[in-house]
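Scroll down for the structure; my scribbles are underneath it.
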Amino acid sequence: MSSPDKLIRMANQIAIFFHSQPGPDQAERVAAHLKDYWGPEMRADLKAKAKTQEDELDVLVRQALPLI
Amino acid sequence: MKDFIIPWGDDRDMGTPARDGAPVSLRIDGFEVTVPEGTSVMRAAAIAGIAVPKLCASDNLEAFGSCRLCVVEIEGRRGTPASCTTPVAAGMVVRTQSEQVQRIRKGVMELYISDHPLDCLTCSANGDCELQDMAGVVGLRDQRYTAPEGGIRTHFAARDTSGQANPEWLPKDDSNPYFTYDPAKCIVCNRCVRACEEVQGTFALTIEGRGFESRVSAGGVGDDFLASDCVSCGACVQACPTATLQEKSVIALGTPTRSVITTCAYCGVGCSFKAELNGDQLVRMTPYKHGAANRGHSCVKGRFAYGYATHADRILKPMIRERIEDPWQEVSWDEALAFAAARMRGIQARHGRKSVGVITSSRCTNEETYLVQKLTRAVFLNNNTDTCARVCHSPTGYGLGQTFGTSAGTQNFDSVAAADVVVVIGANPTDGHPVFASRLKKRLRAGAKLIVIDPRRIDLVKTAHVEAAHHLPLRPGTNVAVVTAMAHVIVTEGLFDEGFIRARCDWDEFAEYAEFVSDPRHSPELTEMLTGVPAEELRAAARLYATGGNGAIYYGLGVTEHSQGSTTVMAIANLAMLTGNIGREGVGVNPLRGQNNVQGSCDMGSFPHELPGYRHVKNPEVRAIFETAWGVEIDPEPGLRIPNMLDAAVSGQFKGLYCQGEDILQSDPDTRHVSAGLAAMDCVIVHDLFLNETANYAHVFLPGSTFLEKDGTFTNAERRINRVRKVMAPRNGYADWEITQLLANAMLEAEGRPLWRYTHAAQIMEEIAATTPGFAHVDYALLEEKGSVQWPCNDAAPEGTPIMHVDGFVRGRGRFIVTEYVATEERTGPRFPLLLTTGRILSQYNVGAQTRRTANTVWHAEDVLEIHPHDAEVRGVKAGDWVKLASRSGETSLRAHLTDRVSPGVVYTTFHHPTTQANVITTDHSDWATNCPEYKVTAVQVGLSNGPTEWQRDYEAQAAAARRILPAAE
């Protein structure tokens, strides 16, 4: 839906914030943020993009993907 | 005993300001009256219903005691003291009327009138002149001073009887576009000078000369009002008892005969005004003294800049066109609505339910905003609603929601009077929120300390009788590092309020946070290289905030409009919790809202992920409330935000938009991206007063009504719900909420669904109150009774909530959140070595659609680029040169203004004029949590240019073509 590079950049920005947060549930919190603020189409786009550009995604985004 | 109950709405001038103090009883003209200690005899008399004659006194100014008209007799005291400067005492016996005081007053008036023209019948203040009133009250029947040889000296006669020019006479100063200064009518009461000092805090006026030579003077020798420091707030005009300072509109139109109390439609201060009219012709707007946000003060925009409502550019008939390349065609309302509804339905049929959406506006009322988001959720059946708060205060919503549990400022504006240390971060109140700035400056003059955190040396840093204790001129984009470094100082130096934190916050979260901020990498010394803020200055500022008494933080878009906007809001909330500066008067965290109804538009469910009252659409119990009220099923998934809508439009999935009162093409970042998104849509419906920039890409134009033409409510930055009252009939035929209803019904009728049937804005508020817990007790009857209320207003707080989080945070325990600084991806480099930051100025408002269509352009006719002389010199730029401003997104050109208000390496401009289009330059970087655009940091280069860029010329040509209107078919 959005231009993919921008989506990846936005997802990575969210991951960077949650990297700094204490606790063991950082990936869950990235997933929760994506579910709360991104519509399903944007989340689907991100997942589709992850198939080919996984190496561009922050590790927390990769861990969050199955949860969204 | 007299009945002293004063009905709400009584706006008599009580003569001197109210005081707090122990009750004191005295007798005035035989009536016993009890007033607070420190009250003047004049005010005590006024409370007892007795108006003592006066000229130099006014209850918004400290007593001055110069006119001697208010003299009274007090038993046991010699002479006849002035009642304005004499405080009450227990057992005092006052006579306000006696042969002696009557004689004195008559003599005083006779002296005044000896140097005042007797042209009352043709005077512009006829019927609205205190001098005239007082001459009547004291029974002045004669003026006995006769001319000696050659005539007496006066200030008012242009020539003496022999035709010689009078050297004492001065012509009218009509340099200000909104009011005149006529020295001939001045009685030198000093009220204007005192209002400029005490109320506005600008100190632009003074009394020049002594005795008979005394004159009101703006600025220095040779200055007129326009050339002086005067900011045209109107306080002097309001204070003037005669026609000396007079609105030009009153001179032209006559004195008004009726008035309606309403709320200003400019900034988030939300001042109350009296709209004064003859028939349906607006004569003037005067600040309403019982307005709880403004307490009788105003700024140049609300007081004077209302002429846009009748500007020739205003569109009053609906228009449509097949393609945006076509000229507009004026049509009937029915035709326009049928066209719009058919297009939107067609798009949904072809591209799906989610292919259309709405944008609500912070310039519209709560009722209008509520209906627009209802339109998308209940008629379009998706959650694609967003609001301009996306691009200003969405990080406030996220940040304060996460830390405190609700998205709102914690205080009322009155609270600033109890602050001891005020921190202003990324805000420029004297330009953006002028009436609040005046109230702040009043407190600062009384001794409160000020800390300014801003890349620019804003006026507050050093202005008349105000100087910041600390100015931290940080590099744009380093807010998180600076605020976290302040927390580092407070934690490592043990200045935090442990009692508060243990009682009100989660101690374990605090412990984690304390460990995080204590890391030496957050120390001012190590962050100095990054932020540019001297470590010692930052340490001193942090210590002052933590230990200086009541600490209050006020912040603006310089905090939110960054890639870490939400993180900075959380960092600010952390600071307040650390120091216990939450939950009482004089403290708090206060977002200064840009537009009048930013708070309200957020409250009303404008965001795609939450229903009214900040409740996420994923919660079935919340959806159930609205599903019952609206009779539809609500989508449980969040919809698209403005930037997502535009992205989706460019890629072909988003095709239709209803945009009310908002000009996204000018106000949103990366103009080329916005125009590409708009151009890709099949139906853009713009609902506005003017053919704004967004309308260049619209297929349907629905003419809007001004704030003077409709009923509703605005919610200001203090959560204060204030009435907007219909002052006159809508010139376009319908109030805006009616237009949204007509559009909804055009869609619903075609689909055979039940129609909306609101007949008054009050019914919309009833629905809001029934569905939104924080508004449960709000209705128009309560607003009539109280004037205004601050939400939450419900069973727990039936009269509203002036200060939040008093006994506990809305979310329960306050939550400390770790705030790691992350540099923005927008970096300077060899091609773009300077950082551009943007803002606004006093006389213009937002995209300028309103203020550019008023005489306010005399103060700001074009956007200019502020650049430090060092940066200008190395580029060969001189003051006033045309320069090209280029970023990775685009380029534009404007004139250079050389100033050291900006640091070397930083340039600054405003975004009030579409021909400049500062947003061609800004990028699509945005806040990590909310996608609020990063307006405040763009890497740019500046170089000399010959004038407008090719882009600017193309833009103007496209805009001119897009604005062609064909006459209506007969």
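Each chain in the structure tokens gets a letter, A, B and so on, in the order shown; residues start at 1 in every chain, and ligands are counted from 1 in the order they appear.
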As a ChimeraX atom specification, please: the residues near Trp882 in chain B (cut-off 6 Å, only C-alpha atoms, same-chain neighbours under 5 positions excluded).
/B:894-895,945,947
For Val61 in chain A, list every protein, DNA or RNA residue within 12 Å, evaluated using only C-alpha atoms, and leave out those in the same chain fewer than 3 positions away; present the list as a PyMOL selection string.
chain A and resi 7-19+26-34+43+46-47+49-50+54-58+64-68
Can you work out which residues from chain B touch chain A at a cut-off of 6 Å (counting only C-alpha atoms) and hand them back as a ChimeraX atom specification?
/B:638-639,647-648,928
Selection export as an mmCIF file, in the first residue's frame, atoms kept: N, CA, C and O atoms:
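Final file, part39.cif:
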```cif
data_model
loop_
_atom_site.group_PDB
_atom_site.id
_atom_site.type_symbol
_atom_site.label_atom_id
_atom_site.label_comp_id
_atom_site.auth_asym_id
_atom_site.auth_seq_id
_atom_site.Cartn_x
_atom_site.Cartn_y
_atom_site.Cartn_z
ATOM 1 N N PRO B 638 -7.718 -0.284 13.061
ATOM 2 C CA PRO B 638 -7.443 1.134 12.809
ATOM 3 C C PRO B 638 -7.466 1.453 11.318
ATOM 4 O O PRO B 638 -7.109 0.607 10.491
ATOM 5 N N GLY B 639 -7.871 2.671 10.993
ATOM 6 C CA GLY B 639 -7.874 3.119 9.603
ATOM 7 C C GLY B 639 -6.571 3.814 9.251
ATOM 8 O O GLY B 639 -5.559 3.665 9.943
ATOM 9 N N ASP B 647 -0.007 8.078 0.826
ATOM 10 C CA ASP B 647 0.793 6.982 0.270
ATOM 11 C C ASP B 647 -0.106 6.015 -0.503
ATOM 12 O O ASP B 647 0.211 5.598 -1.612
ATOM 13 N N ALA B 648 -1.253 5.684 0.126
ATOM 14 C CA ALA B 648 -2.167 4.727 -0.506
ATOM 15 C C ALA B 648 -2.769 5.321 -1.773
ATOM 16 O O ALA B 648 -3.048 4.597 -2.734
ATOM 17 N N TRP B 928 8.251 8.462 15.254
ATOM 18 C CA TRP B 928 8.208 7.004 15.183
ATOM 19 C C TRP B 928 6.860 6.437 15.619
ATOM 20 O O TRP B 928 6.396 5.442 15.064
#
```
What separation in Å, quoted to one decimal, exists between CA of Leu646 in chain B and CA of Gly556 in chain B?
25.7 Å
Skip Ala45 in chain B itself and residues of its chain fewer than 5 positions away, then list as an MDAnalysis selection string all residues within 7 Å of it, counting only C-alpha atoms.
chainID B and resid 28 50:51
Export of prior selection with all heavy atoms as a PDB file, in the first residue's frame:
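Writing done, so here's result_28.pdb:
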```pdb
ATOM      1  N   ILE B  28     -20.919  51.348  53.633  1.00  0.00           N
ATOM      2  CA  ILE B  28     -20.817  52.305  52.540  1.00  0.00           C
ATOM      3  C   ILE B  28     -22.204  52.861  52.276  1.00  0.00           C
ATOM      4  O   ILE B  28     -23.130  52.088  51.979  1.00  0.00           O
ATOM      5  CB  ILE B  28     -20.231  51.649  51.275  1.00  0.00           C
ATOM      6  CG1 ILE B  28     -18.838  51.069  51.560  1.00  0.00           C
ATOM      7  CG2 ILE B  28     -20.169  52.650  50.126  1.00  0.00           C
ATOM      8  CD1 ILE B  28     -18.203  50.329  50.395  1.00  0.00           C
ATOM      9  N   ILE B  50     -22.897  50.187  44.242  1.00  0.00           N
ATOM     10  CA  ILE B  50     -22.744  51.644  44.160  1.00  0.00           C
ATOM     11  C   ILE B  50     -21.549  51.972  43.270  1.00  0.00           C
ATOM     12  O   ILE B  50     -20.413  51.594  43.570  1.00  0.00           O
ATOM     13  CB  ILE B  50     -22.532  52.254  45.568  1.00  0.00           C
ATOM     14  CG1 ILE B  50     -23.769  51.968  46.426  1.00  0.00           C
ATOM     15  CG2 ILE B  50     -22.231  53.738  45.476  1.00  0.00           C
ATOM     16  CD1 ILE B  50     -23.533  52.156  47.905  1.00  0.00           C
ATOM     17  N   ALA B  51     -21.809  52.652  42.159  1.00  0.00           N
ATOM     18  CA  ALA B  51     -20.734  53.003  41.234  1.00  0.00           C
ATOM     19  C   ALA B  51     -20.177  54.377  41.592  1.00  0.00           C
ATOM     20  O   ALA B  51     -20.871  55.387  41.455  1.00  0.00           O
ATOM     21  CB  ALA B  51     -21.252  53.003  39.811  1.00  0.00           C
TER      22      ALA B  51
END
```
Would you please extract all strand (DSSP E) residues from range 592-665 of chain B, as assigned by DSSP on the backbone, and give them as a ChimeraX atom specification?
/B:610-611,615-616,656-660
